[in-house]
Structures are given as C-alpha cells and as structure tokens.
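Chemist: Dropping a structure here in structure tokens format, bear with me for questions.
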Amino acid sequence: MDTVKGLGFCVSIEHAKFMAEYFRAAGIPSISLVGQSADEERRTAKKRLVDGEIRFIFVVDIYNEGVDIPEVNTVLFLRPTESLTIFLQQLGRGLRLSEGKDCLTVLDFIGQANRKYNFEEKFEALLENTTHSVQYELKNGYVTAPKGCYIQLEKKAAKAILDNIKSSFGMKSGLISRISTFEEDSGLPLTLANFADYYRLDIRTIYAKNSFSRLCVAVGVKEDFDEPVETALTKAFGRLAAIDSRRWIRFLLDLLPRLDDVDFGKLSPIEQRMLQMFYITIWGKTAEDWGSDEVLDNLYSLSDSPVMLAELMELLQYKYDLIDFIDAPVDLGFDCPLDLHCTYTRDQLLVALDFMNPNSVREGVKWLPDKQIDVLFVTLNKSDKDYSPTTMYNDYSINEELFHWQSQSTTTDTGTVGQRYIHHRERGSKVQLFVREFKSDLVGAAPYTFLGAANYVKHTGSRPMNITWKLDNPIPAKYLKKTNKLVVG
C-alpha cells in the first residue's frame, strides 16, 4: 500500500488538536481541522494529504460527507456515535477507489472502551441483505459482503467483536441487559416495536430462542405468567417473524382477537387456507377437521393466553408496518393466499396449495397433480455440509426476468418430468418458483420468497436439465442482488 493517508474522527476541538500534536511528536506529520476552519485551510489540507506532505487529518464534525479524498487509506474512529448514518458516512471517506490503494485500514478505538458499543449493527450495515447473523458472517469470512469486497479482521479483534455481540444481543443475557435499561437509555416506553426500532434489531435476534414477554419477566418489568400456548408459540415466533404478506397479516390481526366467536368450518376457502398456514406454523401439523377437539383446544388456547396473544399481535403489526414492497395475488387457478414476492416456509406454502403432508417433501421439487402445479424450491447458496454432490444444483437469475435452474440429477429431457417442464403451457400446467438464499437462517430453516409463475424458454443437457425460465413478473431489485450473486461467468 502507498504511504498512509488517514482521517481521524475526534470528539472535540481539544481532542483533535491533542491527537495532531501527539502524532507530530511521534514523527507523523498531522494537522487538525474543525467546523470553524476556513475553506482555504480545508482545501490546502486536502492537497497536503494527497501529496503526502501530511499523513493524518484529525477532524471534528466535518468530513462526514461531501468531501472526496479517494487516496485516504486509513480511518481512525476516535469518537463514539449512536448514529448508523454518521458511522457509514465516516467509514465511506476511506472506501473510495484510488490507484495503488488495495484496501482500507480501519482502527476503532471506541468499541473496546464502551461496553454498550453496538458492533453488530455496524458490521451488519456493511453486508448485503443476509439471512445469517453477523456472528456467522464473522466466523465464515463475510460471505455476503458486496461483490468485489472483503473484510479482514485480526484474530484478536474478531474475538473481541464476537464477545461484544454475544454480550449485547447474541445471547439471552445481552437482551435482558438491554431490556432492563431500555426506558432509561431511550426515553421510550418498552414495547417490542420500540425496542427493535431503537436498537435497529433484526427481530429474529429476539426470537432465536426466546419470547419478548418472557425476557421482560426475567428483567422484572412484566409480571410472571403461566399460559397454555407459551411453549408452542415461543418455538413458532421465529417462523412468524418472517411473515411479510399484507393479506395474510390482515387476516390474522382480524381473526385472532375473536377466536372464541368464529365458526372455523364456515370460513371461506381462502380464509381456511390462511388459517391452515397459521396452524401448521404454530403446532407443526395440519388441521384435518376444524371441528375436532384437538384443533379447537389448540386455537382456543390462544384466547386463554392473553400475554402471548398480545405479543403475537404486536409482532404481526410490527411486521406489517415494515413491509416495503408491492405484493400481489398470483393466479393459480383457485383461491390461493400466496402473494407475489412474499416470504413463506415450506410448510406454509405447501398447505396454502392444499398439500396437507408437507413433511413428506424432501426434494427441491413437488408436482401437485390435482392443481397441475410444479413447485420449485430453490436454495441459491448450497453448502457442502448441507448438500450431497448430487444436489448441488446451479441456480441463479440471468436478469430480472430470466432464471437459470438445474433439475434433479435423474431428470431427462425425454422423460415424463422433463417433457412436463418443456410443454407445461400446452398441457395447461403451471410452474411456480420459490427461492431462498441459504438453507438456514437465525432461527432455523430459512423461508422462501415467492417469485411467481415461470415459463419454459429453453434447455440444455439431460440428467440434469439446465432450464431457462421466464418469470411472469420481474424480480425486484432488492431480491435480484441475492438471486444473481452467484453468477461468476
């Protein structure tokens, strides 16, 4: 790397002056700049740094944005900030490309000094949308860093960050600690939504093994309770935290407060399908008869669990308020509750398609003859640990409309299945594509995003077939980053 050319972000004018003097005394030419510094002094400082006349500029409340010095290859964080925006702006001063600059060195002197410093959100902001925790990314080399980027930490620094995350949000004790001081720290009433928003949490962090209500009891801010549905709902919260269908959430928010007054057998077909999706999410099995004692006991147990039901309602409302994309029904030939670009577990989407034995599905495809639908389950990033060589398929989006998919290894282009794929339109069958990035996420098996109907374009090969599908609806940009990330030529 070229000579070090760095910026140091300081907490006060006196701090910046002290750091500059300290570095000069150590033989490192440095200056300080503050908000009151003249424009000419700032321009001169920039040129002196680029030319190598000085090595560091220590600043206070300037250079967060609006300045472009691509040659900066070292950033010193010498002041705390709770603002993720300011953190990213300051980091961005060193992320410009420049000839001879192969990396950015970041020295953070704040995290170690402040036990409440949130390493997790800072590192999470550097990654693409990921279904994995920052701990996973840190341990596995930041596999979802933006293309062409890498993050390298010294072994001791990595351990310190992992320890910080575990003591902050990665472990039950960390969550309890934050909950206990939340109102004092934030000035807000303690609610699930306020807690998640204030700490910019992925809600699944809370629901990896806990319920928010039980964590609040542990802190002493909520009275203890004993409710029949707690065990089942605590296990299901992680799956419920992935729900992002407006239609499904609205149905549940309307239904759940009045369960005791509903004749489930008289719900419309689409409402029964949405209830079935909810039922299998909570109790891990389908309801064969809405009038059976077991099914009614399970559903009514929600009404007998006011604390857990209130948390469920709050979680659903929170998820509803976070939805930032346009969903839409998909024409599957019947009243199906699956909506375009929404997220569903395998069990949820299969029962929505009236397949009542989802646990029997082990392959990445499922043909539903009564509905004339081929369901394709695609996992983009397949780990050798999770998949055998015969199931390491090659699946990715070519562009926003075309998707490359590799069939099972036994599928031939002249066989029954291959011919069904090729001629699905003439034969009146439909192909529906569900995609996820990884097999697992923070809370277990990862859900799938529904990309909608796919139509055959062409194929190459046999055993397996490499098929190009054209989607009825283009893949939104937020998903396209994931679906095409594995295209390497």
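Here, A, B, ... name the chains of the structure tokens in the order displayed, residue numbers run from 1 inside each chain, and ligands are numbered from 1 in the same displayed order.
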Excluding same-chain residues fewer than 2 positions from Val60 of chain A, what lies within 6 Å of it counting only C-alpha atoms, as a CSV table (one decimal) with N, CA, C and O atoms, in the first residue's frame?
Modeler:
chain,number,residue,atom,x,y,z
A,10,CYS,N,-12.7,12.8,15.6
A,10,CYS,CA,-12.5,13.1,17.1
A,10,CYS,C,-13.8,13.7,17.7
A,10,CYS,O,-14.7,14.1,17.0
A,12,SER,N,-13.9,16.3,20.0
A,12,SER,CA,-13.9,17.8,20.3
A,12,SER,C,-12.7,18.5,19.7
A,12,SER,O,-11.8,17.8,19.2
A,34,VAL,N,-11.5,21.7,12.1
A,34,VAL,CA,-12.8,21.7,12.8
A,34,VAL,C,-13.8,22.5,11.9
A,34,VAL,O,-13.4,23.0,10.9
A,62,ILE,N,-16.7,17.5,10.7
A,62,ILE,CA,-16.6,17.7,9.3
A,62,ILE,C,-16.0,16.5,8.6
A,62,ILE,O,-15.6,15.6,9.3
Chemist: I'd like the contact shell of segment 208-221 of chain A - 12 Å cut-off, only C-alpha atoms, skipping same-chain residues fewer than 5 positions apart - returned as number ranges by chain.
Modeler: A: 132-133, 169-183, 189-193, 195-196, 202-203, 226-227, 229-241, 305-312, 314-315, 441-445
Chemist: Out of segment 229-436 of chain A, which residues get helix (DSSP H, G or I) from DSSP, as a PyMOL selection string?
Modeler: chain A and resi 230-240+246-261+264-266+269-283+293-303+306-322+346-352+358-360+389-391+416-422+424-427
Chemist: Residues at most 10 Å from Trp405 of chain A, counting only C-alpha atoms, excluding those fewer than 4 positions away in the same chain, as a PyMOL selection string?
Modeler: chain A and resi 376+378+393-397+433+459+464-469
Chemist: Within 6 Å of Thr411 of chain A, counting only C-alpha atoms, which residues qualify if same-chain residues fewer than 2 places away don't, as a PyMOL selection string?
Modeler: chain A and resi 408-409+463-464
Chemist: Write out, as a compact mmCIF listing (two decimals), in the first residue's frame, the residues just selected, with N, CA and C atoms.
Modeler:
# COMPACT_ATOMS: atom_id res chain seq x y z
N GLN A 408 -33.26 -31.96 -11.01
CA GLN A 408 -32.65 -33.07 -10.28
C GLN A 408 -31.78 -33.89 -11.23
N SER A 409 -30.79 -34.55 -10.67
CA SER A 409 -29.79 -35.22 -11.50
C SER A 409 -30.36 -36.37 -12.31
N ARG A 463 -30.13 -35.10 -17.47
CA ARG A 463 -29.54 -35.73 -16.29
C ARG A 463 -28.33 -34.94 -15.74
N PRO A 464 -28.48 -33.73 -15.33
CA PRO A 464 -29.71 -32.95 -15.19
C PRO A 464 -29.98 -32.07 -16.41
